[in-house]
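A.B. asks: Here's a structure for you.
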Amino acid sequence: MNVLADQRELPPVRLHIPRSVWANMLDHARRVLPEECCGLLAGHGSQCSRLYELENADHSPVRYSAEPRSLIAAFRDMRERGLELLAIYHSHPTSAAVPSRTDLAENYYGTVPRIIISLAVNPPEVRGYVLHPDRWQEIELVVVADPPARGSIIDY
Ligand SMILES: [Zn+2]
């Protein structure tokens, strides 16, 4: 595989996540304990603007799979709003915020960034990655101020 091709395929290495989206993600992770949570972040470029909670169809503390109806509804809403899928998040209720062997083996979304929330520590640790079959690349997660309330900006 040549190096240039690899570089062109690299996704943004930094994601900007509004404070409220970040808080909702942590809240979701805590609310479904002891199970893993899962969901999507959508937006434009590196700027996340919307969170979609998905149901963990496995209802398990050690693995997750997105319940298909909630997944389809999320993608439909993204399309209607003109948003791109920017990240997939899930929690690790009792282990570190690093990809598990299962996360690497069952990576169905290629280089879409992953966010892992570890509730094994307090406060929770949140880290981002791009996954490859046998390794991962850490990405930067930047918490930013919420955008002004709707109505005060023209956003389309
Ligand atoms: Zn995991």
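Each chain in the structure tokens gets a letter, A, B, ..., in the order shown, and its residues are numbered from 1; ligands are numbered from 1 in order too.
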Give the residues close to ligand 1, within 9 Å, counting only C-alpha atoms and all ligand atoms; write them as a ChimeraX atom specification.

C.D. replies: /A:36,62-64,89-92,95,97-104,116-117

A.B. asks: Among stretch 1-124 of chain A, which ones does DSSP assign to alpha helix (DSSP H) (computed from the backbone)? Answer as a ChimeraX atom specification.

C.D. replies: /A:3-9,19-31,68-81,101-105

A.B. asks: Need the shell around A:Leu131: protein/DNA/RNA residues with any atom at most 9 Å away, counting only C-alpha atoms. Skip same-chain ones fewer than 2 positions apart. Format as number ranges by chain?

C.D. replies: A: 99, 103-104, 107, 110-114, 129, 133-138

A.B. asks: May I ask for the distance between atom CA of A:His132 and atom CA of A:Ser46, given in Å to one decimal place?

C.D. replies: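 That distance, rounded to one decimal, is 20.1 Å.
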
A.B. asks: In stretch 20-108 of chain A, what's strand (DSSP E) per DSSP? Answer as a list in words?

C.D. replies: Cys38, Gly39, Leu40, Leu41, Ala42, Gly43, His44, Gln47, Cys48, Ser49, Arg50, Leu51, Tyr52, Glu53, Leu54, Glu84, Leu85, Leu86, Ala87, Ile88, Tyr89, His90, Ser91 and His92 of chain A

A.B. asks: Might you pull out every residue within 12 Å of A:Asp146, with only C-alpha atoms counted and same-chain residues fewer than 5 positions away left off, and present them as a list in words?

C.D. replies: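 Close residues of A:Asp146: His16, Ile17, Pro18, Arg19, Ser20, Val21, Trp22, Ala23, Gln47, Cys48, Ser49 and Arg50 of chain A.
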
A.B. asks: Nearest to A:Val32 among A:Arg14, A:His44, A:His59, A:Arg81, with distances taken over only C-alpha atoms: which residue is it?

C.D. replies: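 With only C-alpha atoms as the atom set, the closest residue is A:His59.
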
A.B. asks: Would you mind reading off the distance between atom CA of A:Glu53 and atom CA of A:Ala105, one decimal, in Å?

C.D. replies: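 Atom CA of A:Ala105 lies 22.8 Å from atom CA of A:Glu53.
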
A.B. asks: What gap, in Å, lies between atom CA of A:Arg31 and atom CA of A:Ser118?

C.D. replies: 13.5 Å

A.B. asks: Between A:Glu140, A:Asp27, A:Asp77, A:Asp58, which has the minimum distance to A:Pro123 (counting only C-alpha atoms)?

C.D. replies: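 For A:Pro123, the nearest of the given residues is A:Asp27.
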